[in-house]
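Heads up: the structure comes next, in C-alpha cells.
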Amino acid sequence: MKKILLSGVKPTGRPHIGNYFGAMKQFVDLQNEHESYIFIADLHALTTVQNREEMNENILGVALDYLAIGLDPKKVVLYKQSDVPQVAELGWIFNCLTTVPYLMRAHAYKDAEAKNKEVNVGLFDYPLLMAADILIQDANVVPTGLDQKQHIEITRDTAEKFNRIFGETFKLPEPLILESVKTVPGIDGQKMSKSYNNTIGLFATDEEIKKAVMGIVTDSSAGVPTNVYAIHSLLKDKASLDTLYEEKKGKYKDLKDALISDLIAFIKPMREKREALAKNPKAVLEILKAGGEKARARAEAKMEVVREKIGVTL
Ligand code: ADP
Ligand code: TRP
C-alpha cells in the first residue's frame, strides 16, 4: 500500500524558484512512490483574492504551473479545493472543537495582528480549513515549506482532539520538510518571497532572468559572492560549483553570467512546456474536474463516518 501524500497550493500569483525548490518540486519527486493528492487551495486564497477574474486566472495558472513542472495527472489527483465542499463542512466541525486562544497562537494570525492588518475570520480560521483538507483525505504525508509546519501541528492536535471526543477517526499526518532547501534566498539575500520583491520567476523569460541575476546584491566573502553562490547551489552540485567559484574568484561578472546560463538551461524547457499547455486551457480544466470528482468521492465517504460519529445521522 502506497502512503497517501497531500498538499495544497494557494493560487495567489506567479511562482518563483523559492516556491519551486521549497515546495513544488517535491510533489513531482514524490509522485511515483505515493498516492498523491495535490489541490489548488482556492477557498484559502479567498481570504485575500476577492476578484473573480483574478481568481479564475490564478487557478488556471497554478494548474499550468504544476503540469509544466512535470506533475503527471495519471499519477496524481490534481483538483480544486472548492470542488470538495465537504472540507468546509469538516472545517466547521473543527471550529466547534477549537478554542479561540488556541488559534490566536497561529503565526499567520499573529503576524497579521502585529502588522495591524485587518484580519478576516477566514484568515483567523485558516489552519482549521487546512486541517480539514488534510484529514478528510486520510493523508499520511504533507510536503510543505517550513512556514507551514505549525499548521501541520495544528492539524495533528485537531485530529487528536476529535479522536478523543468522538473515537478514533482521523490519522495523524506527518509533515515533510526538505531540510536541504529550507529557505531559498532571494536576490537580496533575504528569504525569496513575492512580498519582498526579490524573486526569480520560475517561468521567467531569458531577459527577466538576466535582469534578476544582475540585480543580485554581491556581498562577498573571500572572493565568493555569497548570494550568487547560494542561488547557484540550487542548480549545481557542490563540487563543480566550488571548482567554478575557485577558478573565477573575485570575477563577479563571470560568475553571474554562469548563473544566468544555468538558470536559463533550467527554466527555459519548463517555460516552453507551460506556454504549450496554456494554448489548450480546456484540457487543463478537464484534468481539474476529473481530479475534483475523485477527491470529492473520497471526502464524502469520510464525512459519512464523521457525521455518524458526531451524531447528526439518525
Ligand atoms: P511567498 O513567500 O513568495 O509569498 P508562499 O508563501 O506563497 O511564497 O509559499 C508557497 C510555498 O512555497 C510554501 O510551501 C512555502 O513554504 C514555499 N516557499 C516560499 N518561499 C520559499 C523560499 N524562499 N524558500 C523555500 N520555500 C519557499
Ligand atoms: N496553507 C498552505 C499555504 O499557504 C496551503 C494549504 C491549504 C495546504 N491547505 C493545505 C498545504 C493542506 C498543505 C496541506 O501554502
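A note on labels: chains of the C-alpha cells are A, B, ... as shown, every chain counts residues from 1, and ligands are counted from 1 in their shown order.
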Give me the residues within 8 Å of region 69-76 of chain A as a VMD selection string, counting only C-alpha atoms and dropping any in the same chain fewer than 5 places off.
chain A and resid 25 27 to 28 31 to 32 35 to 38 270 287
With ligand 2 as the partner and 7 Å as the cut-off, tabulate the residues of chain A that qualify, each row holding the nearest pair of atoms and their distance in Å to one decimal, using only C-alpha atoms and all ligand atoms, sorted by chain and rising number, as a Markdown table.
```
| residue | atom | partner | partner_atom_place_in_ligand_line | distance |
| --- | --- | --- | --- | --- |
| A:Leu6 | CA | ligand 2 | 14 (C) | 6.1 |
| A:Ser7 | CA | ligand 2 | 13 (C) | 3.8 |
| A:Gly8 | CA | ligand 2 | 8 (C) | 3.7 |
| A:Val9 | CA | ligand 2 | 5 (C) | 4.7 |
| A:Lys10 | CA | ligand 2 | 5 (C) | 5.2 |
| A:Ala41 | CA | ligand 2 | 7 (C) | 5.3 |
| A:His44 | CA | ligand 2 | 7 (C) | 6.3 |
| A:Leu129 | CA | ligand 2 | 9 (N) | 6.9 |
| A:Met130 | CA | ligand 2 | 9 (N) | 4.0 |
| A:Ala131 | CA | ligand 2 | 12 (C) | 6.8 |
| A:Asp133 | CA | ligand 2 | 12 (C) | 5.4 |
| A:Ile134 | CA | ligand 2 | 12 (C) | 5.4 |
| A:Val142 | CA | ligand 2 | 13 (C) | 6.0 |
| A:Pro143 | CA | ligand 2 | 13 (C) | 6.9 |
| A:Thr144 | CA | ligand 2 | 13 (C) | 6.2 |
| A:Gln148 | CA | ligand 2 | 1 (N) | 6.3 |
```
Restricting it to all heavy atoms, dump the selection as a short mmCIF file (atom, residue, chain, number, x, y, z; two decimals), in the first residue's frame.
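Just written: result18.cif:
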```cif
data_model
loop_
_atom_site.label_atom_id
_atom_site.label_comp_id
_atom_site.auth_asym_id
_atom_site.auth_seq_id
_atom_site.Cartn_x
_atom_site.Cartn_y
_atom_site.Cartn_z
N LEU A 6 -0.53 14.43 0.45
CA LEU A 6 -1.45 15.51 0.07
C LEU A 6 -0.80 16.86 0.33
O LEU A 6 -0.10 17.04 1.32
CB LEU A 6 -2.74 15.39 0.89
CG LEU A 6 -3.76 16.52 0.71
CD1 LEU A 6 -5.18 15.96 0.62
CD2 LEU A 6 -3.67 17.55 1.83
N SER A 7 -1.03 17.79 -0.59
CA SER A 7 -0.60 19.15 -0.31
C SER A 7 -1.46 20.13 -1.10
O SER A 7 -2.03 19.78 -2.13
CB SER A 7 0.87 19.36 -0.62
OG SER A 7 1.32 20.56 0.00
N GLY A 8 -1.55 21.33 -0.58
CA GLY A 8 -2.35 22.36 -1.24
C GLY A 8 -1.48 23.55 -1.60
O GLY A 8 -0.47 23.83 -0.95
N VAL A 9 -1.89 24.22 -2.66
CA VAL A 9 -1.15 25.39 -3.13
C VAL A 9 -2.13 26.54 -3.27
O VAL A 9 -3.15 26.40 -3.94
CB VAL A 9 -0.57 25.13 -4.53
CG1 VAL A 9 0.34 26.27 -4.92
CG2 VAL A 9 0.13 23.80 -4.60
N LYS A 10 -1.80 27.66 -2.62
CA LYS A 10 -2.70 28.80 -2.72
C LYS A 10 -2.52 29.49 -4.06
O LYS A 10 -1.39 29.80 -4.44
CB LYS A 10 -2.36 29.80 -1.60
CG LYS A 10 -3.48 29.92 -0.61
CD LYS A 10 -3.33 31.11 0.29
CE LYS A 10 -1.98 31.26 0.91
NZ LYS A 10 -1.86 32.46 1.73
N ALA A 41 -5.71 25.57 -3.49
CA ALA A 41 -6.46 26.00 -2.30
C ALA A 41 -7.17 27.33 -2.57
O ALA A 41 -6.82 28.38 -2.04
CB ALA A 41 -5.51 26.10 -1.11
N HIS A 44 -8.90 28.96 0.46
CA HIS A 44 -7.93 29.65 1.31
C HIS A 44 -7.53 30.99 0.68
O HIS A 44 -7.37 32.00 1.37
CB HIS A 44 -6.68 28.79 1.52
CG HIS A 44 -6.80 27.83 2.66
ND1 HIS A 44 -6.78 26.46 2.48
CD2 HIS A 44 -6.93 28.02 3.99
CE1 HIS A 44 -6.90 25.86 3.66
NE2 HIS A 44 -6.99 26.79 4.59
N LEU A 129 -9.34 25.03 8.28
CA LEU A 129 -9.75 24.58 6.94
C LEU A 129 -8.63 23.71 6.36
O LEU A 129 -8.88 22.70 5.71
CB LEU A 129 -10.03 25.79 6.03
CG LEU A 129 -10.59 25.45 4.65
CD1 LEU A 129 -11.96 24.77 4.76
CD2 LEU A 129 -10.71 26.68 3.76
N MET A 130 -7.41 24.09 6.66
CA MET A 130 -6.26 23.30 6.20
C MET A 130 -6.27 21.92 6.87
O MET A 130 -5.99 20.90 6.22
CB MET A 130 -4.97 24.06 6.50
CG MET A 130 -3.73 23.31 6.11
SD MET A 130 -2.35 24.45 5.90
CE MET A 130 -0.99 23.28 5.93
N ALA A 131 -6.59 21.89 8.16
CA ALA A 131 -6.69 20.59 8.85
C ALA A 131 -7.75 19.72 8.17
O ALA A 131 -7.55 18.52 7.96
CB ALA A 131 -7.04 20.81 10.32
N ASP A 133 -8.72 19.88 5.00
CA ASP A 133 -8.18 19.42 3.71
C ASP A 133 -7.39 18.13 3.88
O ASP A 133 -7.49 17.21 3.07
CB ASP A 133 -7.15 20.44 3.16
CG ASP A 133 -7.74 21.75 2.72
OD1 ASP A 133 -8.87 21.75 2.22
OD2 ASP A 133 -7.04 22.78 2.89
N ILE A 134 -6.57 18.13 4.91
CA ILE A 134 -5.62 17.03 5.11
C ILE A 134 -6.33 15.80 5.68
O ILE A 134 -6.18 14.69 5.17
CB ILE A 134 -4.49 17.49 6.07
CG1 ILE A 134 -3.70 18.65 5.45
CG2 ILE A 134 -3.57 16.33 6.43
CD1 ILE A 134 -2.73 19.35 6.40
N VAL A 142 2.48 15.19 4.39
CA VAL A 142 2.14 16.51 3.84
C VAL A 142 3.42 17.29 3.57
O VAL A 142 4.03 17.86 4.48
CB VAL A 142 1.23 17.29 4.82
CG1 VAL A 142 0.80 18.62 4.19
CG2 VAL A 142 0.02 16.47 5.22
N PRO A 143 3.88 17.30 2.31
CA PRO A 143 5.07 18.08 2.00
C PRO A 143 4.75 19.57 1.93
O PRO A 143 3.78 19.97 1.27
CB PRO A 143 5.50 17.56 0.62
CG PRO A 143 4.28 16.95 0.03
CD PRO A 143 3.35 16.58 1.14
N THR A 144 5.51 20.37 2.64
CA THR A 144 5.31 21.83 2.60
C THR A 144 6.64 22.52 2.90
O THR A 144 7.61 21.87 3.24
CB THR A 144 4.35 22.34 3.70
OG1 THR A 144 4.92 22.05 4.96
CG2 THR A 144 2.96 21.77 3.59
N GLN A 148 4.85 26.24 6.95
CA GLN A 148 3.57 25.55 7.16
C GLN A 148 3.63 24.53 8.30
O GLN A 148 2.64 23.84 8.59
CB GLN A 148 3.12 24.85 5.87
CG GLN A 148 2.87 25.80 4.72
CD GLN A 148 1.74 26.75 5.03
OE1 GLN A 148 0.68 26.36 5.49
NE2 GLN A 148 1.97 28.04 4.80
#
```
Show me which residues sit within 6 Å of ligand 1 when counting only C-alpha atoms and all ligand atoms, and put them as a ChimeraX atom specification.
/A:18-19,22-23,144-147,182-185,191-195
Filtering to N, CA, C and O atoms, could you give me those residues as an mmCIF file, in the first residue's frame?
```
data_model
loop_
_atom_site.group_PDB
_atom_site.id
_atom_site.type_symbol
_atom_site.label_atom_id
_atom_site.label_comp_id
_atom_site.auth_asym_id
_atom_site.auth_seq_id
_atom_site.Cartn_x
_atom_site.Cartn_y
_atom_site.Cartn_z
ATOM 1 N N GLY A 18 12.030 29.940 -5.403
ATOM 2 C CA GLY A 18 11.936 29.567 -3.978
ATOM 3 C C GLY A 18 10.757 28.633 -3.742
ATOM 4 O O GLY A 18 10.871 27.621 -3.048
ATOM 5 N N ASN A 19 9.622 28.962 -4.349
ATOM 6 C CA ASN A 19 8.450 28.083 -4.255
ATOM 7 C C ASN A 19 8.774 26.716 -4.863
ATOM 8 O O ASN A 19 8.384 25.677 -4.332
ATOM 9 N N GLY A 22 11.452 24.911 -2.657
ATOM 10 C CA GLY A 22 10.955 24.726 -1.297
ATOM 11 C C GLY A 22 9.718 23.855 -1.227
ATOM 12 O O GLY A 22 9.446 23.256 -0.182
ATOM 13 N N ALA A 23 8.954 23.777 -2.305
ATOM 14 C CA ALA A 23 7.684 23.060 -2.205
ATOM 15 C C ALA A 23 7.311 22.288 -3.471
ATOM 16 O O ALA A 23 7.173 21.073 -3.448
ATOM 17 N N THR A 144 5.512 20.368 2.637
ATOM 18 C CA THR A 144 5.310 21.828 2.598
ATOM 19 C C THR A 144 6.635 22.515 2.897
ATOM 20 O O THR A 144 7.614 21.873 3.242
ATOM 21 N N GLY A 145 6.596 23.805 2.813
ATOM 22 C CA GLY A 145 7.731 24.608 3.264
ATOM 23 C C GLY A 145 7.687 24.735 4.783
ATOM 24 O O GLY A 145 6.667 24.452 5.415
ATOM 25 N N LEU A 146 8.808 25.190 5.322
ATOM 26 C CA LEU A 146 8.936 25.308 6.776
ATOM 27 C C LEU A 146 7.843 26.177 7.397
ATOM 28 O O LEU A 146 7.377 25.922 8.512
ATOM 29 N N ASP A 147 7.389 27.184 6.640
ATOM 30 C CA ASP A 147 6.386 28.117 7.178
ATOM 31 C C ASP A 147 5.038 27.439 7.468
ATOM 32 O O ASP A 147 4.197 28.007 8.157
ATOM 33 N N LYS A 182 15.503 24.400 2.930
ATOM 34 C CA LYS A 182 14.502 25.012 3.805
ATOM 35 C C LYS A 182 14.104 26.409 3.344
ATOM 36 O O LYS A 182 12.957 26.698 3.158
ATOM 37 N N THR A 183 15.114 27.256 3.146
ATOM 38 C CA THR A 183 14.788 28.613 2.726
ATOM 39 C C THR A 183 15.683 29.028 1.573
ATOM 40 O O THR A 183 16.900 29.109 1.707
ATOM 41 N N VAL A 184 15.060 29.261 0.429
ATOM 42 C CA VAL A 184 15.812 29.732 -0.731
ATOM 43 C C VAL A 184 15.964 31.247 -0.601
ATOM 44 O O VAL A 184 14.973 31.949 -0.408
ATOM 45 N N PRO A 185 17.201 31.766 -0.677
ATOM 46 C CA PRO A 185 17.369 33.212 -0.560
ATOM 47 C C PRO A 185 17.003 33.934 -1.852
ATOM 48 O O PRO A 185 17.140 33.377 -2.940
ATOM 49 N N LYS A 191 15.026 35.863 2.601
ATOM 50 C CA LYS A 191 14.193 34.782 2.067
ATOM 51 C C LYS A 191 13.527 35.238 0.765
ATOM 52 O O LYS A 191 12.985 36.341 0.705
ATOM 53 N N MET A 192 13.610 34.412 -0.277
ATOM 54 C CA MET A 192 12.930 34.782 -1.515
ATOM 55 C C MET A 192 11.427 34.753 -1.264
ATOM 56 O O MET A 192 10.884 33.769 -0.776
ATOM 57 N N SER A 193 10.769 35.852 -1.583
ATOM 58 C CA SER A 193 9.333 35.923 -1.340
ATOM 59 C C SER A 193 8.713 36.976 -2.229
ATOM 60 O O SER A 193 9.317 38.029 -2.452
ATOM 61 N N LYS A 194 7.506 36.680 -2.719
ATOM 62 C CA LYS A 194 6.902 37.684 -3.589
ATOM 63 C C LYS A 194 6.614 38.966 -2.814
ATOM 64 O O LYS A 194 6.562 40.039 -3.385
ATOM 65 N N SER A 195 6.507 38.868 -1.506
ATOM 66 C CA SER A 195 6.265 40.096 -0.725
ATOM 67 C C SER A 195 7.508 40.975 -0.617
ATOM 68 O O SER A 195 7.400 42.130 -0.246
#
```
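Within the 7 Å cut-off around Arg296 (chain A), using only C-alpha atoms and omitting residues fewer than 4 positions from it on the same chain, the listed residues are Asp83, Val84, Gly292 and Glu300 of chain A.
Using only C-alpha atoms, the nearest neighbour of Leu234 (chain A) within the list A:Leu128, A:Ala108, A:Ile165, A:Ile17 is A:Ile17.
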Could you pull out all residues of region 78-215 of chain A with a DSSP call of strand (DSSP E or B) and give them as a ChimeraX atom specification?
/A:78-80,141-143,174-176,185,191,201
Please produce an output containing all heavy atoms for each residue in the selection, written as a CSV table (one decimal), in the first residue's frame.
```
chain,number,residue,atom,x,y,z
A,78,LEU,N,-5.1,15.9,-9.2
A,78,LEU,CA,-5.0,17.3,-9.2
A,78,LEU,C,-6.4,17.9,-9.2
A,78,LEU,O,-7.2,17.6,-10.1
A,78,LEU,CB,-4.2,17.8,-10.4
A,78,LEU,CG,-3.8,19.2,-10.5
A,78,LEU,CD1,-2.9,19.7,-9.4
A,78,LEU,CD2,-3.2,19.5,-11.9
A,79,TYR,N,-6.7,18.7,-8.2
A,79,TYR,CA,-8.1,19.3,-8.1
A,79,TYR,C,-8.1,20.6,-7.4
A,79,TYR,O,-7.2,21.1,-6.9
A,79,TYR,CB,-9.0,18.3,-7.3
A,79,TYR,CG,-8.6,18.0,-5.9
A,79,TYR,CD1,-9.3,18.6,-4.8
A,79,TYR,CD2,-7.5,17.1,-5.5
A,79,TYR,CE1,-8.9,18.4,-3.5
A,79,TYR,CE2,-7.2,16.9,-4.2
A,79,TYR,CZ,-7.9,17.5,-3.2
A,79,TYR,OH,-7.5,17.2,-1.9
A,80,LYS,N,-9.3,21.2,-7.5
A,80,LYS,CA,-9.6,22.5,-6.8
A,80,LYS,C,-10.2,22.2,-5.5
A,80,LYS,O,-11.2,21.4,-5.4
A,80,LYS,CB,-10.6,23.3,-7.6
A,80,LYS,CG,-10.2,23.8,-9.0
A,80,LYS,CD,-11.0,25.0,-9.3
A,80,LYS,CE,-12.5,25.0,-9.2
A,80,LYS,NZ,-13.2,24.4,-10.4
A,141,VAL,N,1.3,11.9,4.6
A,141,VAL,CA,2.4,12.8,4.4
A,141,VAL,C,2.0,14.1,3.8
A,141,VAL,O,1.3,14.1,2.8
A,141,VAL,CB,3.5,12.1,3.5
A,141,VAL,CG1,4.8,12.8,3.6
A,141,VAL,CG2,3.6,10.7,3.6
A,142,VAL,N,2.5,15.2,4.4
A,142,VAL,CA,2.1,16.5,3.8
A,142,VAL,C,3.4,17.3,3.6
A,142,VAL,O,4.0,17.9,4.5
A,142,VAL,CB,1.2,17.3,4.8
A,142,VAL,CG1,0.8,18.6,4.2
A,142,VAL,CG2,0.0,16.5,5.2
A,143,PRO,N,3.9,17.3,2.3
A,143,PRO,CA,5.1,18.1,2.0
A,143,PRO,C,4.7,19.6,1.9
A,143,PRO,O,3.8,20.0,1.3
A,143,PRO,CB,5.5,17.6,0.6
A,143,PRO,CG,4.3,16.9,0.0
A,143,PRO,CD,3.3,16.6,1.1
A,174,GLU,N,2.0,13.3,8.9
A,174,GLU,CA,3.4,13.7,9.1
A,174,GLU,C,3.8,14.9,8.2
A,174,GLU,O,3.5,14.8,7.0
A,174,GLU,CB,4.4,12.6,8.9
A,174,GLU,CG,4.3,11.4,9.7
A,174,GLU,CD,4.7,11.6,11.2
A,174,GLU,OE1,5.5,12.6,11.4
A,174,GLU,OE2,4.2,10.9,12.0
A,175,PRO,N,4.5,15.9,8.7
A,175,PRO,CA,4.9,16.9,7.7
A,175,PRO,C,6.2,16.4,7.0
A,175,PRO,O,6.8,15.5,7.5
A,175,PRO,CB,5.4,18.1,8.7
A,175,PRO,CG,5.7,17.4,10.0
A,175,PRO,CD,4.8,16.2,10.1
A,176,LEU,N,6.4,16.9,5.8
A,176,LEU,CA,7.6,16.5,5.1
A,176,LEU,C,8.3,17.8,4.7
A,176,LEU,O,7.8,18.5,3.8
A,176,LEU,CB,7.3,15.7,3.9
A,176,LEU,CG,8.5,15.2,3.1
A,176,LEU,CD1,9.3,14.1,3.9
A,176,LEU,CD2,8.1,14.6,1.8
A,185,PRO,N,17.2,31.8,-0.7
A,185,PRO,CA,17.4,33.2,-0.6
A,185,PRO,C,17.0,33.9,-1.9
A,185,PRO,O,17.1,33.4,-2.9
A,185,PRO,CB,18.9,33.4,-0.3
A,185,PRO,CG,19.5,32.2,-0.9
A,185,PRO,CD,18.5,31.1,-0.9
A,191,LYS,N,15.0,35.9,2.6
A,191,LYS,CA,14.2,34.8,2.1
A,191,LYS,C,13.5,35.2,0.8
A,191,LYS,O,13.0,36.3,0.7
A,191,LYS,CB,13.1,34.4,3.1
A,191,LYS,CG,12.2,33.4,2.6
A,191,LYS,CD,10.9,33.2,3.5
A,191,LYS,CE,9.9,32.5,2.7
A,191,LYS,NZ,8.6,32.2,3.0
A,201,GLY,N,11.5,34.5,-11.2
A,201,GLY,CA,10.3,33.8,-11.6
A,201,GLY,C,10.6,32.4,-12.1
A,201,GLY,O,11.6,32.2,-12.8
```
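Between Asn163 (chain A) and the residues A:Leu97, A:Pro127, A:Trp92, A:Glu293, the shortest atom-to-atom distance, using only C-alpha atoms, involves A:Leu97.
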